[in-house]
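Report on one structure; see the data block that follows.
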Amino acid sequence: HWALGDCPRAQWTRYALDATLLCVRRDATGAGPPDWTAPRDLTFRGWLRGGCRERPPTVDDLDYHLGTLFPPVRPRGWLELRMMDAQLDDGWMAAVAIAATLMDDPKAAEIAYAAVEHLTSPDLWLRAARNGPADPVLGPVVRTCVATAVEALGRSDPGGPAHRAAEQFAERYAGRGRCPADDCLADRIGVM
C-alpha cells in the first residue's frame, strides 16, 4: 500500500520493491532448460535483504523485474497505460482520445486534476476493478473527466473521429455508470 502524500517516484519504488518476483533468472546447469522458479512470496525487497540465498540481485535482475510489473499505469520513460490495448474493436479510440486530451489540453488537465486529487485511498484499484464507473466515489470522477475530454475535443476537433468516439463513450458508458466490461458480462450471461 502506498503512503498518502508520497511523490509518484517514491510510490513506484515502493510498489516495485514490494511486488512478488515472477522468477529468478538462472543459467542452465544440465541438459534441460534452466529453472527460473522464484522462492514463494519473495519480493524484490526481500531478495535485496537476502531472501534468495543463491545470489544477490543485479541491476539486470531489477530491470527484468520492472518489466514484469503491470499496474494500470506504468512509468517506462513514458506513461504506459495498460488498458489501451485491451479494448474491444475500435474502443481504443475513445480511450486514447480521452487520456491524451486530459493530459494535453491545459484546461482539461486542470479540471481532471481537481476531480481526482481527493482520490487517495489505497483500495482504489480494487474498487475500480469491482465497480468501475458504478462506484459511488469513482463514478462522478469518471463522468467529470470524460465530459471534460469531450468538451475539450469539441474545441480542438469538433465532429472529428476522436471527438465522436469520446462522445459515444460518454453516452454509452460514463454517463450511465457503465464501462465496456459491462457489455462483456451482459453478453456472457445473456442480459443487457
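Each chain in the C-alpha cells gets a letter, A, B and so on, in the order shown; residues start at 1 in every chain, and ligands are counted from 1 in the order they appear.
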
Write out as a PyMOL selection string the residues lying within 7 Å of region 137-151 of chain A, counting only C-alpha atoms and excluding same-chain residues fewer than 5 positions away. chain A and resi 98+101-102+108+112+115-116+163+166-167+170+174-175+177

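The set of residues in region 64-158 of chain A assigned to strand (DSSP E or B) by DSSP, using only backbone atoms of this structure, is A:Val73, A:Arg74, A:Pro75, A:Leu79, A:Glu80, A:Leu81.
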
Which neighbours of region 68-76 of chain A fall inside 8 Å, counting only C-alpha atoms, when residues of the same chain fewer than 5 positions from it are skipped, and could you give them as a PyMOL selection string? chain A and resi 16+19+22+81-83

Take the residues just selected and output them with C-alpha atoms as a short mmCIF file (atom, residue, chain, number, x, y, z; two decimals), in the first residue's frame.
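So the final result, stored in part.cif, reads:
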```
data_model
loop_
_atom_site.label_atom_id
_atom_site.label_comp_id
_atom_site.auth_asym_id
_atom_site.auth_seq_id
_atom_site.Cartn_x
_atom_site.Cartn_y
_atom_site.Cartn_z
CA ALA A 16 8.28 -2.31 -7.35
CA ALA A 19 5.99 -6.78 -5.75
CA LEU A 22 7.85 -13.62 -11.16
CA LEU A 81 -1.47 3.00 -20.00
CA ARG A 82 -2.06 -0.73 -19.86
CA MET A 83 -5.77 -0.65 -20.71
#
```

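Considering only C-alpha atoms, the residue among A:Pro136, A:Arg25, A:Ala129, A:Ala152 positioned nearest to Pro106 (chain A) is A:Ala152.
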
Report as a VMD selection string: the residues of region 26-192 of chain A with a DSSP assignment of alpha helix (DSSP H), based on the backbone of this structure. chain A and resid 44 to 48 59 to 67 92 to 104 106 to 116 124 to 131 138 to 156 161 to 172 180 to 189

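Note that the spacing between CA of Leu17 (chain A) and CA of Pro122 (chain A) amounts to 16.7 Å.
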
List every residue of region 73-95 of chain A that has an atom at most 9 Å from any atom of region 178-190 of chain A, and for each one report the closest atom pair and its distance in Å to one decimal, counting only C-alpha atoms, with rows sorted by chain and then by increasing residue number, as CSV.
```
residue,atom,partner,partner_atom,distance
A:Gln87,CA,A:Pro180,CA,7.9
A:Leu88,CA,A:Pro180,CA,8.1
A:Gly91,CA,A:Pro180,CA,8.4
```

Determine, counting only C-alpha atoms, which protein, DNA and RNA residues have an atom within 12 Å of an atom of Leu48 (chain A); residues of the same chain fewer than 3 positions away are not included. Present the result as a ChimeraX atom specification. /A:17-18,21,42-45,51-59,61-62

Next, write the just-selected residues to a file, as a CSV table (one decimal), in the first residue's frame, keeping all heavy atoms as the atom set.
```
chain,number,residue,atom,x,y,z
A,17,LEU,N,9.5,-2.6,-5.3
A,17,LEU,CA,10.2,-3.3,-4.3
A,17,LEU,C,9.4,-4.4,-3.6
A,17,LEU,O,9.8,-5.4,-3.2
A,17,LEU,CB,10.9,-2.4,-3.2
A,17,LEU,CG,12.0,-1.6,-3.7
A,17,LEU,CD1,12.4,-0.6,-2.6
A,17,LEU,CD2,13.2,-2.5,-4.0
A,18,ASP,N,8.1,-4.0,-3.4
A,18,ASP,CA,7.2,-4.9,-2.6
A,18,ASP,C,6.4,-5.9,-3.5
A,18,ASP,O,5.6,-6.7,-3.0
A,18,ASP,CB,6.2,-4.1,-1.8
A,18,ASP,CG,6.9,-3.4,-0.7
A,18,ASP,OD1,8.0,-3.8,-0.3
A,18,ASP,OD2,6.4,-2.4,-0.2
A,21,LEU,N,8.3,-11.5,-6.9
A,21,LEU,CA,9.1,-11.9,-8.0
A,21,LEU,C,8.3,-12.9,-8.9
A,21,LEU,O,7.8,-13.8,-8.4
A,21,LEU,CB,10.4,-12.5,-7.6
A,21,LEU,CG,11.4,-11.6,-6.9
A,21,LEU,CD1,12.6,-12.5,-6.5
A,21,LEU,CD2,11.8,-10.4,-7.7
A,42,LEU,N,8.5,-14.3,-2.5
A,42,LEU,CA,9.7,-13.4,-2.4
A,42,LEU,C,9.5,-12.1,-3.2
A,42,LEU,O,9.2,-12.2,-4.4
A,42,LEU,CB,10.9,-14.2,-2.9
A,42,LEU,CG,12.2,-13.4,-2.8
A,42,LEU,CD1,12.6,-13.1,-1.3
A,42,LEU,CD2,13.4,-14.1,-3.5
A,43,THR,N,9.6,-11.0,-2.5
A,43,THR,CA,9.6,-9.7,-3.2
A,43,THR,C,11.0,-9.3,-3.6
A,43,THR,O,11.9,-9.8,-3.1
A,43,THR,CB,9.0,-8.6,-2.2
A,43,THR,OG1,9.8,-8.4,-1.1
A,43,THR,CG2,7.6,-9.0,-1.8
A,44,PHE,N,11.1,-8.2,-4.4
A,44,PHE,CA,12.4,-7.7,-4.7
A,44,PHE,C,13.1,-7.2,-3.5
A,44,PHE,O,14.3,-7.4,-3.3
A,44,PHE,CB,12.3,-6.7,-5.9
A,44,PHE,CG,13.7,-6.6,-6.6
A,44,PHE,CD1,14.0,-7.4,-7.6
A,44,PHE,CD2,14.6,-5.6,-6.1
A,44,PHE,CE1,15.2,-7.3,-8.2
A,44,PHE,CE2,15.8,-5.5,-6.8
A,44,PHE,CZ,16.1,-6.4,-7.8
A,45,ARG,N,12.3,-6.5,-2.6
A,45,ARG,CA,12.9,-6.0,-1.4
A,45,ARG,C,13.4,-7.2,-0.5
A,45,ARG,O,14.5,-7.1,0.0
A,45,ARG,CB,11.8,-5.3,-0.6
A,45,ARG,CG,12.3,-4.7,0.7
A,45,ARG,CD,11.2,-4.0,1.6
A,45,ARG,NE,10.4,-3.1,0.8
A,45,ARG,CZ,10.6,-1.8,0.7
A,45,ARG,NH1,11.7,-1.3,1.2
A,45,ARG,NH2,9.8,-1.1,0.0
A,51,GLY,N,16.8,-12.8,0.9
A,51,GLY,CA,15.7,-13.8,0.8
A,51,GLY,C,15.9,-14.9,-0.2
A,51,GLY,O,15.3,-15.9,-0.1
A,52,CYS,N,16.8,-14.7,-1.1
A,52,CYS,CA,17.2,-15.8,-2.1
A,52,CYS,C,18.7,-16.0,-1.9
A,52,CYS,O,19.5,-15.2,-2.3
A,52,CYS,CB,16.9,-15.3,-3.5
A,52,CYS,SG,17.3,-16.5,-4.8
A,53,ARG,N,19.0,-17.1,-1.2
A,53,ARG,CA,20.4,-17.3,-0.7
A,53,ARG,C,21.3,-17.7,-1.9
A,53,ARG,O,22.5,-17.7,-1.7
A,53,ARG,CB,20.4,-18.4,0.3
A,53,ARG,CG,19.7,-17.9,1.6
A,53,ARG,CD,19.9,-18.8,2.8
A,53,ARG,NE,19.6,-18.2,4.0
A,53,ARG,CZ,18.4,-18.1,4.5
A,53,ARG,NH1,17.4,-18.6,3.9
A,53,ARG,NH2,18.2,-17.5,5.7
A,54,GLU,N,20.8,-18.0,-3.1
A,54,GLU,CA,21.7,-18.4,-4.2
A,54,GLU,C,22.6,-17.2,-4.6
A,54,GLU,O,23.8,-17.5,-4.8
A,54,GLU,CB,20.8,-18.7,-5.4
A,54,GLU,CG,19.9,-19.9,-5.3
A,54,GLU,CD,19.0,-20.0,-6.5
A,54,GLU,OE1,19.5,-19.8,-7.6
A,54,GLU,OE2,17.8,-20.3,-6.3
A,55,ARG,N,22.1,-16.0,-4.6
A,55,ARG,CA,22.9,-14.9,-5.0
A,55,ARG,C,22.1,-13.6,-4.8
A,55,ARG,O,20.9,-13.6,-4.7
A,55,ARG,CB,23.3,-15.0,-6.5
A,55,ARG,CG,22.1,-14.9,-7.5
A,55,ARG,CD,22.5,-14.9,-8.9
A,55,ARG,NE,21.4,-15.0,-9.8
A,55,ARG,CZ,20.7,-13.9,-10.2
A,55,ARG,NH1,21.1,-12.7,-9.8
A,55,ARG,NH2,19.7,-14.0,-11.1
A,56,PRO,N,22.8,-12.5,-4.7
A,56,PRO,CA,22.1,-11.2,-4.5
A,56,PRO,C,21.6,-10.7,-5.9
A,56,PRO,O,22.2,-11.2,-7.0
A,56,PRO,CB,23.2,-10.2,-4.0
A,56,PRO,CG,24.5,-10.8,-4.4
A,56,PRO,CD,24.3,-12.3,-4.5
A,57,PRO,N,20.6,-9.9,-6.0
A,57,PRO,CA,20.1,-9.4,-7.3
A,57,PRO,C,21.1,-8.4,-7.9
A,57,PRO,O,21.9,-7.8,-7.2
A,57,PRO,CB,18.8,-8.7,-6.9
A,57,PRO,CG,19.0,-8.3,-5.5
A,57,PRO,CD,19.8,-9.3,-4.9
A,58,THR,N,21.0,-8.4,-9.2
A,58,THR,CA,21.9,-7.4,-10.0
A,58,THR,C,21.0,-6.4,-10.6
A,58,THR,O,19.7,-6.4,-10.5
A,58,THR,CB,22.6,-8.2,-11.2
A,58,THR,OG1,21.5,-8.6,-12.1
A,58,THR,CG2,23.4,-9.4,-10.7
A,59,VAL,N,21.6,-5.4,-11.2
A,59,VAL,CA,20.8,-4.3,-11.9
A,59,VAL,C,20.0,-4.9,-13.0
A,59,VAL,O,18.8,-4.6,-13.2
A,59,VAL,CB,21.7,-3.2,-12.4
A,59,VAL,CG1,21.0,-2.2,-13.3
A,59,VAL,CG2,22.4,-2.5,-11.3
A,61,ASP,N,18.7,-7.9,-13.0
A,61,ASP,CA,17.6,-8.5,-12.3
A,61,ASP,C,16.5,-7.5,-12.0
A,61,ASP,O,15.3,-7.8,-12.2
A,61,ASP,CB,18.0,-9.2,-11.0
A,61,ASP,CG,18.9,-10.4,-11.2
A,61,ASP,OD1,18.6,-11.2,-12.2
A,61,ASP,OD2,19.8,-10.6,-10.5
A,62,LEU,N,16.9,-6.3,-11.6
A,62,LEU,CA,15.9,-5.3,-11.3
A,62,LEU,C,15.2,-4.8,-12.6
A,62,LEU,O,14.0,-4.7,-12.6
A,62,LEU,CB,16.6,-4.1,-10.6
A,62,LEU,CG,15.7,-2.9,-10.4
A,62,LEU,CD1,14.5,-3.2,-9.5
A,62,LEU,CD2,16.5,-1.7,-9.8
```

Point-to-point distance in Å for CA of Arg14 (chain A) and CA of Asp27 (chain A):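 These atoms are spaced 28.8 Å apart.
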
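Comparing the minimum interatomic distances between Tyr64 (chain A) and each of A:Val24, A:Cys7, A:Met93, A:Ala162, counting only C-alpha atoms, we find that A:Val24 sits nearest.
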